[in-house]
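Structure below is target19.cif: mmCIF, C-alpha atoms and all ligand atoms.
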data_my_file
loop_
_atom_site.label_atom_id
_atom_site.label_comp_id
_atom_site.auth_asym_id
_atom_site.auth_seq_id
_atom_site.Cartn_x
_atom_site.Cartn_y
_atom_site.Cartn_z
CA MET Z 1 64.47 19.10 -43.31
CA LYS Z 2 62.19 17.92 -46.04
CA ARG Z 3 64.15 19.41 -48.92
CA ILE Z 4 67.34 17.58 -48.21
CA ALA Z 5 67.83 14.78 -50.66
CA ALA Z 6 70.08 11.77 -50.44
CA VAL Z 7 73.72 11.97 -51.38
CA ALA Z 8 73.13 9.55 -54.23
CA SER Z 9 70.85 11.99 -55.98
CA ALA Z 10 73.41 14.72 -55.40
CA VAL Z 11 75.86 12.77 -57.44
CA THR Z 12 73.48 12.03 -60.28
CA ILE Z 13 71.52 15.24 -60.54
CA GLY Z 14 73.78 17.75 -58.90
CA LEU Z 15 76.11 18.27 -61.79
CA THR Z 16 73.81 20.37 -63.93
CA LEU Z 17 75.15 23.83 -63.53
CA ALA Z 18 73.57 27.16 -64.02
CA ALA Z 19 76.03 29.32 -65.93
CA CYS Z 20 77.51 31.93 -63.70
CA GLY Z 21 76.54 35.53 -64.23
CA GLY Z 22 78.86 38.43 -63.80
CA GLY Z 23 80.78 40.96 -65.75
CA GLY Z 24 84.31 42.24 -65.69
CA ALA Z 25 87.34 40.94 -67.49
CA THR Z 26 87.33 37.20 -67.95
CA THR Z 27 90.48 35.82 -66.44
CA PRO Z 28 89.69 32.23 -65.51
CA GLU Z 29 92.27 30.41 -63.43
CA ALA Z 30 94.12 27.44 -64.79
CA GLY Z 31 91.90 24.42 -64.25
CA SER Z 32 88.70 26.46 -64.28
CA THR Z 33 85.71 24.69 -65.73
CA GLY Z 34 84.96 27.62 -68.11
CA GLY Z 35 81.32 28.70 -68.19
CA ALA Z 36 80.63 26.80 -64.98
CA ALA Z 37 80.50 28.00 -61.39
CA GLY Z 38 83.36 30.36 -60.69
CA ALA Z 39 84.47 31.12 -64.23
CA GLY Z 40 85.23 34.78 -64.83
CA ASP Z 41 86.88 37.81 -63.28
CA ALA Z 42 89.26 36.79 -60.51
CA SER Z 43 90.83 40.19 -59.91
CA GLU Z 44 89.13 40.56 -56.54
CA VAL Z 45 86.63 39.03 -54.16
CA GLN Z 46 84.24 40.97 -52.00
CA VAL Z 47 83.48 38.83 -48.94
CA VAL Z 48 80.47 39.50 -46.72
CA THR Z 49 80.59 38.04 -43.20
CA TRP Z 50 79.64 39.15 -39.70
CA TRP Z 51 83.12 38.44 -38.39
CA ALA Z 52 83.88 42.13 -38.00
CA GLN Z 53 85.09 42.56 -34.45
CA GLY Z 54 86.62 40.91 -31.40
CA SER Z 55 87.42 37.24 -31.50
CA GLU Z 56 85.34 36.71 -34.65
CA LYS Z 57 87.52 39.09 -36.66
CA ALA Z 58 90.64 37.11 -35.78
CA GLY Z 59 89.21 34.04 -37.50
CA LEU Z 60 88.54 35.93 -40.71
CA GLU Z 61 92.04 37.38 -40.63
CA ALA Z 62 93.50 33.89 -40.38
CA LEU Z 63 91.58 32.91 -43.51
CA GLU Z 64 92.63 36.07 -45.28
CA LYS Z 65 96.29 35.20 -44.69
CA VAL Z 66 95.94 31.77 -46.27
CA PHE Z 67 93.99 33.33 -49.13
CA ALA Z 68 96.79 35.80 -49.83
CA THR Z 69 99.24 32.90 -50.11
CA GLN Z 70 97.03 30.69 -52.24
CA HIS Z 71 95.63 33.43 -54.52
CA PRO Z 72 98.05 36.37 -54.54
CA ASP Z 73 96.45 37.84 -57.68
CA THR Z 74 92.98 38.13 -56.20
CA LYS Z 75 92.43 41.15 -53.98
CA PHE Z 76 90.51 40.38 -50.77
CA VAL Z 77 87.84 43.02 -50.11
CA ASN Z 78 86.49 42.76 -46.59
CA ALA Z 79 82.78 43.63 -46.44
CA ALA Z 80 82.18 42.34 -42.91
CA LEU Z 81 79.34 43.88 -40.91
CA ALA Z 82 79.38 43.41 -37.12
CA GLY Z 83 76.52 41.79 -35.23
CA GLY Z 84 76.53 38.26 -33.79
CA ALA Z 85 74.75 35.55 -35.79
CA GLY Z 86 74.48 37.98 -38.70
CA SER Z 87 71.94 40.15 -36.90
CA GLN Z 88 72.96 43.16 -39.04
CA ALA Z 89 74.71 41.55 -42.00
CA LYS Z 90 71.77 39.42 -43.12
CA GLN Z 91 69.42 42.40 -43.53
CA LYS Z 92 71.91 44.39 -45.57
CA LEU Z 93 72.68 41.33 -47.64
CA GLN Z 94 69.01 40.73 -48.41
CA ALA Z 95 68.61 44.33 -49.57
CA ASP Z 96 71.72 44.07 -51.77
CA LEU Z 97 70.62 40.78 -53.29
CA GLN Z 98 67.15 42.13 -54.01
CA ALA Z 99 68.63 45.24 -55.59
CA GLY Z 100 70.72 43.02 -57.91
CA ASN Z 101 73.93 44.11 -56.22
CA PRO Z 102 75.35 40.88 -54.79
CA PRO Z 103 78.78 40.55 -53.17
CA ASP Z 104 81.16 37.98 -54.66
CA THR Z 105 80.53 35.61 -51.77
CA PHE Z 106 78.76 35.72 -48.43
CA GLN Z 107 78.70 33.82 -45.18
CA ALA Z 108 75.56 31.82 -44.60
CA HIS Z 109 74.61 28.76 -42.62
CA ALA Z 110 74.46 25.36 -44.18
CA GLY Z 111 70.95 23.95 -44.09
CA ALA Z 112 67.49 25.48 -44.16
CA GLU Z 113 68.71 29.08 -44.07
CA LEU Z 114 69.93 28.70 -47.63
CA THR Z 115 66.47 27.82 -48.91
CA ASP Z 116 65.50 31.50 -48.93
CA TYR Z 117 68.38 32.35 -51.27
CA ILE Z 118 67.87 29.23 -53.36
CA ASP Z 119 64.14 29.81 -53.82
CA ALA Z 120 64.81 33.41 -54.81
CA GLY Z 121 67.36 32.21 -57.38
CA GLN Z 122 70.08 34.25 -55.70
CA ILE Z 123 72.83 31.67 -55.34
CA GLU Z 124 74.51 29.29 -57.76
CA ASP Z 125 74.72 25.52 -57.54
CA VAL Z 126 78.40 24.89 -56.74
CA SER Z 127 78.34 21.09 -57.12
CA ALA Z 128 80.95 21.30 -59.87
CA LEU Z 129 83.36 22.92 -57.41
CA TYR Z 130 82.81 19.99 -55.05
CA ASP Z 131 84.06 17.78 -57.85
CA GLU Z 132 86.89 20.07 -58.86
CA PHE Z 133 88.13 20.48 -55.25
CA ASN Z 134 87.39 16.83 -54.32
CA LEU Z 135 85.15 17.94 -51.48
CA LYS Z 136 82.79 14.99 -51.47
CA GLN Z 137 85.73 12.88 -50.32
CA ALA Z 138 87.00 15.51 -47.90
CA PHE Z 139 83.74 16.18 -46.03
CA PRO Z 140 81.88 13.59 -43.94
CA GLU Z 141 78.97 12.02 -45.80
CA ASN Z 142 76.40 13.25 -43.26
CA LEU Z 143 77.58 16.81 -43.84
CA VAL Z 144 77.28 16.51 -47.62
CA GLU Z 145 73.76 15.17 -47.07
CA ARG Z 146 72.87 18.19 -44.95
CA LEU Z 147 74.20 20.47 -47.67
CA THR Z 148 72.33 18.82 -50.52
CA VAL Z 149 69.02 20.36 -51.60
CA ASP Z 150 67.07 18.64 -54.36
CA GLY Z 151 70.30 17.09 -55.60
CA LYS Z 152 72.28 20.32 -55.70
CA ILE Z 153 74.76 21.94 -53.33
CA TYR Z 154 74.71 25.70 -52.91
CA SER Z 155 77.48 26.45 -50.44
CA ILE Z 156 80.82 25.28 -49.15
CA PRO Z 157 81.42 25.04 -45.38
CA SER Z 158 84.52 26.42 -43.68
CA ASN Z 159 83.81 24.93 -40.27
CA ILE Z 160 81.34 23.28 -37.93
CA HIS Z 161 80.19 24.82 -34.66
CA ARG Z 162 78.38 23.26 -31.72
CA ALA Z 163 75.62 25.47 -30.31
CA ASN Z 164 74.49 23.58 -27.17
CA VAL Z 165 77.29 24.34 -24.74
CA VAL Z 166 77.16 25.88 -21.27
CA TRP Z 167 80.18 28.04 -20.43
CA ALA Z 168 80.70 28.62 -16.72
CA ASN Z 169 82.90 30.44 -14.27
CA PRO Z 170 84.21 27.78 -11.83
CA ALA Z 171 85.00 30.29 -9.06
CA VAL Z 172 81.41 31.56 -9.05
CA LEU Z 173 80.12 27.99 -8.87
CA LYS Z 174 82.43 27.10 -5.96
CA GLU Z 175 81.39 30.20 -4.07
CA ALA Z 176 77.78 28.95 -4.29
CA GLY Z 177 78.78 25.47 -3.08
CA ILE Z 178 78.48 23.87 -6.53
CA ASN Z 179 81.12 21.38 -7.61
CA PRO Z 180 82.38 22.55 -11.05
CA ASP Z 181 83.48 18.99 -11.88
CA THR Z 182 79.96 17.59 -11.77
CA PRO Z 183 77.63 19.26 -14.28
CA PRO Z 184 73.94 19.17 -13.36
CA ALA Z 185 72.25 16.04 -14.68
CA SER Z 186 68.99 17.64 -15.77
CA ILE Z 187 67.41 21.01 -16.47
CA GLU Z 188 65.70 20.78 -13.05
CA ALA Z 189 69.05 20.18 -11.28
CA TRP Z 190 70.53 23.08 -13.22
CA ILE Z 191 67.70 25.37 -12.11
CA ALA Z 192 68.34 24.28 -8.50
CA ASP Z 193 72.00 25.34 -8.93
CA MET Z 194 70.87 28.68 -10.34
CA GLU Z 195 68.87 29.27 -7.16
CA LYS Z 196 72.07 28.75 -5.12
CA ILE Z 197 73.98 31.23 -7.28
CA LYS Z 198 71.22 33.80 -7.01
CA ALA Z 199 71.31 33.46 -3.22
CA LYS Z 200 74.97 34.52 -3.38
CA GLY Z 201 74.02 37.73 -5.17
CA LYS Z 202 75.45 36.73 -8.56
CA THR Z 203 73.65 36.53 -11.89
CA PRO Z 204 73.01 32.80 -12.43
CA ILE Z 205 72.92 32.92 -16.23
CA THR Z 206 73.43 35.60 -18.85
CA VAL Z 207 71.86 36.07 -22.25
CA GLY Z 208 71.93 38.87 -24.78
CA MET Z 209 69.71 40.05 -27.62
CA ASP Z 210 66.94 38.02 -29.32
CA TRP Z 211 68.94 35.30 -31.11
CA THR Z 212 70.92 34.40 -27.98
CA GLN Z 213 67.62 33.82 -26.17
CA THR Z 214 66.37 31.70 -29.06
CA GLN Z 215 69.58 29.70 -28.86
CA LEU Z 216 68.99 29.06 -25.15
CA LEU Z 217 65.41 28.03 -25.95
CA GLU Z 218 66.46 25.55 -28.63
CA THR Z 219 68.77 23.76 -26.20
CA ILE Z 220 65.97 23.48 -23.61
CA LEU Z 221 63.71 22.07 -26.32
CA ILE Z 222 66.40 19.48 -27.05
CA SER Z 223 66.51 18.53 -23.35
CA ASP Z 224 62.78 18.30 -22.83
CA LEU Z 225 61.84 16.71 -26.17
CA GLY Z 226 64.91 14.60 -26.92
CA ALA Z 227 66.78 14.74 -30.21
CA GLU Z 228 64.22 12.92 -32.34
CA LYS Z 229 61.21 14.97 -31.31
CA TYR Z 230 63.30 18.13 -31.53
CA ASN Z 231 64.15 17.25 -35.13
CA GLY Z 232 60.44 16.73 -35.74
CA LEU Z 233 59.81 20.38 -34.89
CA TRP Z 234 61.40 21.29 -38.23
CA ASP Z 235 59.50 18.96 -40.53
CA GLY Z 236 56.03 19.08 -39.00
CA LYS Z 237 56.31 15.68 -37.24
CA THR Z 238 56.37 17.19 -33.74
CA ASP Z 239 53.45 19.30 -32.65
CA TRP Z 240 54.50 22.76 -31.45
CA ALA Z 241 51.26 22.89 -29.47
CA GLY Z 242 52.16 19.70 -27.52
CA ALA Z 243 52.58 19.30 -23.76
CA ASP Z 244 56.32 18.56 -24.04
CA VAL Z 245 56.85 21.91 -25.80
CA THR Z 246 54.82 23.57 -23.00
CA LYS Z 247 57.16 21.94 -20.48
CA ALA Z 248 60.22 23.28 -22.32
CA LEU Z 249 58.71 26.77 -22.50
CA THR Z 250 58.01 26.63 -18.76
CA ASN Z 251 61.65 25.73 -18.08
CA PHE Z 252 62.75 28.47 -20.47
CA GLN Z 253 60.59 30.97 -18.58
CA LYS Z 254 62.10 29.88 -15.28
CA ILE Z 255 65.67 30.08 -16.57
CA MET Z 256 65.05 33.47 -18.18
CA SER Z 257 63.96 34.73 -14.73
CA PHE Z 258 67.59 34.22 -13.61
CA THR Z 259 69.12 36.30 -16.41
CA ASN Z 260 70.63 39.78 -16.57
CA PRO Z 261 68.09 42.62 -17.00
CA ASP Z 262 70.22 44.46 -19.58
CA ARG Z 263 70.05 41.45 -21.94
CA ASP Z 264 68.20 42.90 -24.95
CA GLY Z 265 70.91 45.45 -25.67
CA LEU Z 266 73.77 42.95 -25.63
CA ASP Z 267 75.50 40.94 -28.32
CA TRP Z 268 76.93 37.56 -27.29
CA GLU Z 269 80.39 38.83 -26.33
CA PRO Z 270 79.34 41.36 -23.65
CA ALA Z 271 76.83 38.81 -22.31
CA MET Z 272 79.62 36.22 -22.05
CA GLN Z 273 81.96 38.80 -20.52
CA LYS Z 274 79.89 38.82 -17.33
CA VAL Z 275 80.81 35.15 -16.90
CA VAL Z 276 84.47 35.88 -17.67
CA ASP Z 277 84.51 38.73 -15.14
CA GLY Z 278 82.86 36.62 -12.43
CA SER Z 279 79.65 38.59 -11.96
CA ALA Z 280 77.68 35.71 -13.50
CA ALA Z 281 77.92 31.92 -13.53
CA TYR Z 282 76.60 30.50 -16.82
CA ASN Z 283 76.05 31.38 -20.47
CA VAL Z 284 74.77 29.11 -23.23
CA MET Z 285 76.58 29.86 -26.45
CA GLY Z 286 78.11 28.20 -29.48
CA ASP Z 287 81.75 27.25 -29.33
CA TRP Z 288 82.89 30.49 -30.95
CA ALA Z 289 83.01 31.34 -27.22
CA VAL Z 290 86.35 29.47 -27.11
CA ALA Z 291 87.79 32.15 -29.40
CA GLY Z 292 86.47 34.79 -27.01
CA PHE Z 293 88.23 33.14 -24.05
CA ASP Z 294 91.44 32.59 -26.04
CA SER Z 295 91.55 36.23 -27.08
CA GLN Z 296 91.69 37.14 -23.35
CA GLN Z 297 94.19 34.40 -22.52
CA LYS Z 298 91.60 32.63 -20.38
CA LYS Z 299 92.30 28.96 -19.72
CA GLU Z 300 89.88 26.06 -19.78
CA GLY Z 301 89.61 24.39 -16.35
CA THR Z 302 90.82 27.33 -14.29
CA ASP Z 303 89.20 30.42 -15.84
CA TYR Z 304 86.24 28.72 -17.46
CA ILE Z 305 84.64 25.33 -17.76
CA TRP Z 306 82.12 23.97 -20.24
CA PHE Z 307 79.59 21.18 -20.46
CA PRO Z 308 76.74 20.32 -22.81
CA VAL Z 309 73.44 21.91 -21.77
CA PRO Z 310 71.97 19.50 -19.18
CA GLY Z 311 69.89 16.90 -21.02
CA ASN Z 312 71.89 17.52 -24.26
CA GLU Z 313 74.79 15.22 -23.32
CA LYS Z 314 74.73 12.95 -26.35
CA VAL Z 315 73.52 15.56 -28.79
CA PHE Z 316 75.57 17.83 -31.06
CA ASP Z 317 73.51 20.93 -31.92
CA PHE Z 318 74.98 21.60 -35.32
CA LEU Z 319 75.66 24.60 -37.50
CA ALA Z 320 78.20 25.26 -40.20
CA ASP Z 321 79.43 28.52 -41.63
CA SER Z 322 79.24 28.15 -45.31
CA PHE Z 323 80.16 30.38 -48.25
CA THR Z 324 78.20 30.93 -51.44
CA LEU Z 325 78.53 32.02 -55.04
CA PRO Z 326 75.80 34.61 -55.62
CA VAL Z 327 74.09 34.78 -59.01
CA GLY Z 328 75.45 37.84 -60.79
CA ALA Z 329 78.62 38.12 -58.69
CA LYS Z 330 80.93 40.61 -60.37
CA HIS Z 331 84.06 38.58 -59.75
CA PRO Z 332 83.02 34.92 -59.96
CA GLY Z 333 86.64 33.85 -60.44
CA GLY Z 334 87.43 35.62 -57.16
CA SER Z 335 84.49 33.84 -55.51
CA LYS Z 336 85.81 30.52 -56.73
CA ASN Z 337 89.28 31.27 -55.33
CA TRP Z 338 87.75 32.16 -51.97
CA LEU Z 339 85.71 28.96 -51.96
CA GLN Z 340 88.88 27.04 -52.72
CA THR Z 341 90.75 28.59 -49.78
CA ILE Z 342 88.00 28.18 -47.21
CA SER Z 343 87.57 24.53 -48.17
CA SER Z 344 91.29 23.68 -48.36
CA SER Z 345 92.97 21.86 -45.48
CA GLU Z 346 95.34 24.82 -44.93
CA GLY Z 347 92.43 27.27 -44.84
CA GLN Z 348 90.35 25.10 -42.51
CA LEU Z 349 93.23 24.48 -40.12
CA ALA Z 350 94.24 28.13 -39.89
CA PHE Z 351 90.66 29.30 -39.48
CA ASN Z 352 89.46 26.72 -36.99
CA LYS Z 353 92.52 27.13 -34.80
CA VAL Z 354 91.33 30.65 -34.00
CA LYS Z 355 87.57 30.25 -34.38
CA GLY Z 356 86.90 27.50 -31.80
CA SER Z 357 85.00 25.43 -34.35
CA ILE Z 358 86.07 22.15 -35.93
CA PRO Z 359 87.09 21.66 -39.54
CA ALA Z 360 84.44 20.41 -41.94
CA ARG Z 361 87.16 18.37 -43.69
CA THR Z 362 88.15 15.07 -42.18
CA ASP Z 363 91.76 15.17 -43.42
CA VAL Z 364 93.02 18.18 -41.45
CA ASP Z 365 95.87 17.73 -38.96
CA VAL Z 366 93.65 18.12 -35.92
CA ALA Z 367 96.42 17.41 -33.42
CA GLN Z 368 97.06 21.15 -33.52
CA LEU Z 369 93.58 21.96 -32.26
CA SER Z 370 92.63 22.57 -28.61
CA GLU Z 371 91.45 20.10 -26.01
CA TYR Z 372 87.94 21.52 -26.32
CA GLN Z 373 87.98 21.02 -30.08
CA GLN Z 374 89.16 17.42 -29.69
CA LYS Z 375 86.07 16.77 -27.53
CA ALA Z 376 83.80 18.57 -30.00
CA MET Z 377 85.15 16.41 -32.84
CA GLU Z 378 84.47 13.30 -30.81
CA SER Z 379 80.93 14.47 -30.13
CA PHE Z 380 80.31 15.33 -33.81
CA LYS Z 381 81.47 11.85 -34.75
CA ASN Z 382 79.61 9.84 -32.12
CA ASP Z 383 76.59 11.80 -30.90
CA THR Z 384 73.22 12.49 -32.46
CA ILE Z 385 73.35 15.56 -34.67
CA VAL Z 386 70.50 18.04 -34.62
CA SER Z 387 70.17 21.36 -36.43
CA SER Z 388 70.48 24.71 -34.74
CA LEU Z 389 67.50 27.05 -35.03
CA ALA Z 390 69.26 30.27 -34.02
CA HIS Z 391 72.01 29.62 -36.58
CA GLY Z 392 70.13 28.78 -39.71
CA ALA Z 393 70.48 25.01 -39.88
CA ALA Z 394 66.93 24.11 -38.83
CA ALA Z 395 64.62 26.67 -40.40
CA PRO Z 396 64.55 29.35 -43.09
CA VAL Z 397 65.35 32.94 -42.06
CA ALA Z 398 61.68 34.01 -42.21
CA VAL Z 399 60.78 31.34 -39.63
CA SER Z 400 63.69 31.98 -37.27
CA THR Z 401 63.07 35.73 -37.47
CA GLN Z 402 59.44 35.23 -36.47
CA ILE Z 403 60.53 32.95 -33.63
CA ASN Z 404 63.07 35.54 -32.43
CA GLN Z 405 60.29 38.12 -32.33
CA ALA Z 406 57.96 35.82 -30.38
CA VAL Z 407 60.76 34.96 -27.94
CA VAL Z 408 61.57 38.58 -27.15
CA LYS Z 409 57.90 39.48 -26.86
CA PHE Z 410 57.59 36.73 -24.27
CA THR Z 411 60.77 37.50 -22.35
CA GLN Z 412 59.83 41.18 -22.22
CA GLY Z 413 56.49 40.22 -20.68
CA ALA Z 414 54.33 41.24 -23.66
CA SER Z 415 52.86 37.74 -24.04
CA ASP Z 416 52.07 34.96 -21.60
CA LEU Z 417 53.22 31.37 -21.96
CA ALA Z 418 50.09 30.20 -23.79
CA GLY Z 419 50.28 33.17 -26.16
CA PHE Z 420 53.97 32.49 -26.76
CA GLN Z 421 53.32 28.87 -27.62
CA LYS Z 422 50.54 29.90 -30.04
CA GLU Z 423 52.92 32.31 -31.75
CA LEU Z 424 55.48 29.52 -32.14
CA VAL Z 425 52.80 27.34 -33.74
CA THR Z 426 52.05 30.14 -36.22
CA ALA Z 427 55.71 30.91 -36.91
CA THR Z 428 56.42 27.29 -37.83
CA ALA Z 429 53.19 26.52 -39.72
CA SER Z 430 54.97 26.74 -43.08
CA LEU Z 431 57.32 23.87 -42.15
CA LYS Z 432 54.57 21.25 -42.29
CA GLY Z 433 54.28 18.71 -45.09
C1 LIG W 1 77.01 32.23 -35.87
C2 LIG W 1 78.16 31.90 -36.77
C3 LIG W 1 79.41 31.79 -35.95
C4 LIG W 1 79.58 32.99 -35.10
C5 LIG W 1 78.33 33.33 -34.33
C6 LIG W 1 78.38 34.56 -33.49
O1 LIG W 1 75.84 32.40 -36.59
O2 LIG W 1 77.89 30.70 -37.41
O3 LIG W 1 80.51 31.59 -36.80
O4 LIG W 1 80.00 34.03 -35.89
O5 LIG W 1 77.25 33.42 -35.20
O6 LIG W 1 78.42 35.71 -34.25
#

What does the file become when written as structure tokens?
Ligand code: GAL
Amino acid sequence: MKRIAAVASAVTIGLTLAACGGGGATTPEAGSTGGAAGAGDASEVQVVTWWAQGSEKAGLEALEKVFATQHPDTKFVNAALAGGAGSQAKQKLQADLQAGNPPDTFQAHAGAELTDYIDAGQIEDVSALYDEFNLKQAFPENLVERLTVDGKIYSIPSNIHRANVVWANPAVLKEAGINPDTPPASIEAWIADMEKIKAKGKTPITVGMDWTQTQLLETILISDLGAEKYNGLWDGKTDWAGADVTKALTNFQKIMSFTNPDRDGLDWEPAMQKVVDGSAAYNVMGDWAVAGFDSQQKKEGTDYIWFPVPGNEKVFDFLADSFTLPVGAKHPGGSKNWLQTISSSEGQLAFNKVKGSIPARTDVDVAQLSEYQQKAMESFKNDTIVSSLAHGAAAPVAVSTQINQAVVKFTQGASDLAGFQKELVTATASLKG
């Protein structure tokens, strides 16, 4: 990500703040930096997310509870719009921002996705809040680096998710003669297992609508290119027209041939449900899936198992949900209070307990988190971190949208492999140099 500057420059340059817009009564909180990010009306906060239903909603509710305790005088206004990965919320948000009608804060992904909002001058630099809330000490340095754009920081993360995980139904695997304790060692071995599952009349792997297919594709790219070359896809160093990309697309095509035919109409939860119900074996999804299993009282080991996508073993495919302070927010004091709660250790513990993700802070009492989360924290600490495409860390929204369109065109049979690869080259042309 070419625009990400070093932490050092964040410290030196990042403190110049754009004054926050916004109307309403000025009721700054004690300790507010007056005139800086988050000064102003704190009577309410309108929060846009896509955590509107199912297991996702439970996470937001956990945050809301902590917020009510920490900021009883700020009314929480829930403006969540359903649709996994923000498939609906992002469009509505863009229209609202363009119409000069921003919410007080909105969910976004840390990383390249924010560049659209930054370039359009739609979100404030919140570096001063990092200082006020001591966040540079609380977050790992590599995370602060990923959040820093030209020396400024435009969002505050509530959590970190891992996107390159296979979730599997162990009973379906056993039925096909596959040992659930030994994950396949390569994409090719995984495909061989899918053949066995198909022979038993079960769906080998499920996907849903466009972004879930893109997410599967990104993990296959990681396997076939390796972490370094995968990273190069996002800064022009790796050629999208190359033979290793062709190999990954060929594997993607093969794996897609094992998927459920009703995929394009499904969000991630119904696609995953086929694995839960035992009509399918595998699904590749981020670890918000844990929240989906928890909400149905499904237990790791017996009801479901997980493993990194074959060939992704030492790689953590990263994304972080991150909240913003829009320019012109009507209740910037409310936004600031929300940003305080989502970045506090209480907020991050309560939220991550239900969300399946891991806290962005390093000082949270993680003993209370699940066995899965303990493993994810280990991986985040020790493995190579790469940025998720489907979840905004690797590329701006315009690029990932174009990739989603090319992916679905291909999986619906409207383009062939060579045409698909050409479209990916075009979609990513703006990332060079
Ligand atoms: C991601 C988001 C996760 C989860 C997921 C499914 O983009 O970062 O928190 O909500 O979408 O909707």

Could you list the protein, DNA and RNA residues that have any atom within 10 Å of ligand LIG 1 (chain W), counting all atoms listed in the file, and write them as an MDAnalysis selection string? chainID Z and resid 49:53 55:57 59:60 82:87 107:110 158:163 211:212 267:269 285:289 318:322 355:357 388 390:393

Quick one: distance from atom CA of Trp234 of chain Z to atom CA of Thr401 of chain Z in Å, one decimal? 14.6 Å

One decimal, in Å: what's the spacing between atom CA of Pro204 of chain Z and atom CA of Val284 of chain Z? 11.5 Å

Can you measure atom CA of Lys90 of chain Z to atom CA of Val399 of chain Z for me? One decimal in Å is fine.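 Atom-to-atom, atom CA of Lys90 of chain Z and atom CA of Val399 of chain Z are spaced 14.1 Å apart.
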
Choose the residue, out of Z:Glu423, Z:Asp131, Z:Glu300, Z:Asp244, that has the smallest atom-to-atom separation from Gln405 of chain Z; count all atoms listed in the file.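 Closest candidate: Z:Glu423.
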
Return the single residue from Z:Val276, Z:Tyr130, Z:Trp240, Z:Ala414 that is closest to Gln297 of chain Z, with distances computed using only C-alpha atoms.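 Checking each candidate against Gln297 of chain Z, we get Z:Val276 as the closest.
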
Nearest residue to Pro396 of chain Z from the set Z:Pro270, Z:Gly232, Z:Gly111, Z:Pro170 (distances using only C-alpha atoms):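 The shortest atom-to-atom distance to Pro396 of chain Z comes from Z:Gly111.
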
For each of Z:Leu249, Z:Leu431, Z:Val126, Z:Ile385, take the minimum atom-to-atom distance to Gly419 of chain Z, counting only C-alpha atoms, then give the residue where this is smallest.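 Checking each of Z:Leu249, Z:Leu431, Z:Val126, Z:Ile385 against Gly419 of chain Z, counting only C-alpha atoms, the winner is Z:Leu249.
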
Using only C-alpha atoms, pick whichever of Z:Ile156, Z:Ala42, Z:Leu93, Z:Val48 has the shortest atom-to-atom distance to Thr341 of chain Z.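 The shortest atom-to-atom distance to Thr341 of chain Z comes from Z:Ile156.
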
Which residues are near Met377 of chain Z? Cut-off 12 Å, all atoms listed in the file, ignore same chain within fewer than 3 positions. Put them as a PDB file with C-alpha atoms, in the coordinates of the input.
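See around25.pdb below for the written result:
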ATOM      1  CA  PRO Z 140      81.880  13.590 -43.940  1.00  0.00           C
ATOM      2  CA  ASN Z 159      83.810  24.930 -40.270  1.00  0.00           C
ATOM      3  CA  ILE Z 160      81.340  23.280 -37.930  1.00  0.00           C
ATOM      4  CA  HIS Z 161      80.190  24.820 -34.660  1.00  0.00           C
ATOM      5  CA  ARG Z 162      78.380  23.260 -31.720  1.00  0.00           C
ATOM      6  CA  ASP Z 287      81.750  27.250 -29.330  1.00  0.00           C
ATOM      7  CA  PHE Z 316      75.570  17.830 -31.060  1.00  0.00           C
ATOM      8  CA  PHE Z 318      74.980  21.600 -35.320  1.00  0.00           C
ATOM      9  CA  ASN Z 352      89.460  26.720 -36.990  1.00  0.00           C
ATOM     10  CA  GLY Z 356      86.900  27.500 -31.800  1.00  0.00           C
ATOM     11  CA  SER Z 357      85.000  25.430 -34.350  1.00  0.00           C
ATOM     12  CA  ILE Z 358      86.070  22.150 -35.930  1.00  0.00           C
ATOM     13  CA  PRO Z 359      87.090  21.660 -39.540  1.00  0.00           C
ATOM     14  CA  ALA Z 360      84.440  20.410 -41.940  1.00  0.00           C
ATOM     15  CA  ARG Z 361      87.160  18.370 -43.690  1.00  0.00           C
ATOM     16  CA  THR Z 362      88.150  15.070 -42.180  1.00  0.00           C
ATOM     17  CA  VAL Z 364      93.020  18.180 -41.450  1.00  0.00           C
ATOM     18  CA  VAL Z 366      93.650  18.120 -35.920  1.00  0.00           C
ATOM     19  CA  ALA Z 367      96.420  17.410 -33.420  1.00  0.00           C
ATOM     20  CA  LEU Z 369      93.580  21.960 -32.260  1.00  0.00           C
ATOM     21  CA  SER Z 370      92.630  22.570 -28.610  1.00  0.00           C
ATOM     22  CA  GLU Z 371      91.450  20.100 -26.010  1.00  0.00           C
ATOM     23  CA  TYR Z 372      87.940  21.520 -26.320  1.00  0.00           C
ATOM     24  CA  GLN Z 373      87.980  21.020 -30.080  1.00  0.00           C
ATOM     25  CA  GLN Z 374      89.160  17.420 -29.690  1.00  0.00           C
ATOM     26  CA  PHE Z 380      80.310  15.330 -33.810  1.00  0.00           C
ATOM     27  CA  LYS Z 381      81.470  11.850 -34.750  1.00  0.00           C
ATOM     28  CA  ASN Z 382      79.610   9.840 -32.120  1.00  0.00           C
ATOM     29  CA  ASP Z 383      76.590  11.800 -30.900  1.00  0.00           C
ATOM     30  CA  ILE Z 385      73.350  15.560 -34.670  1.00  0.00           C
TER      31      ILE Z 385
END

Please, what is the axis-aligned box for every listed atom of segment 383-390 of chain Z with 3 Å on each side, as centre and edge lengths in Å to one decimal, as JSON?
{"center_x": 72.0, "center_y": 21.0, "center_z": -33.7, "size_x": 15.1, "size_y": 24.5, "size_z": 11.5}

Just checking: using all atoms listed in the file, which residue out of Z:Val290, Z:Ala79, Z:Leu325, Z:Leu349 ends up closest to Leu63 of chain Z?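 Using all atoms listed in the file, Leu63 of chain Z sits closest to Z:Leu349.
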
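If you count all atoms listed in the file and ignore residues fewer than 5 places along the chain from Gln273 of chain Z, what sits within 10 Å of it is Thr206, Trp268, Gly278, Ser279, Ala280, Asn283, Gly292 and Phe293 of chain Z.
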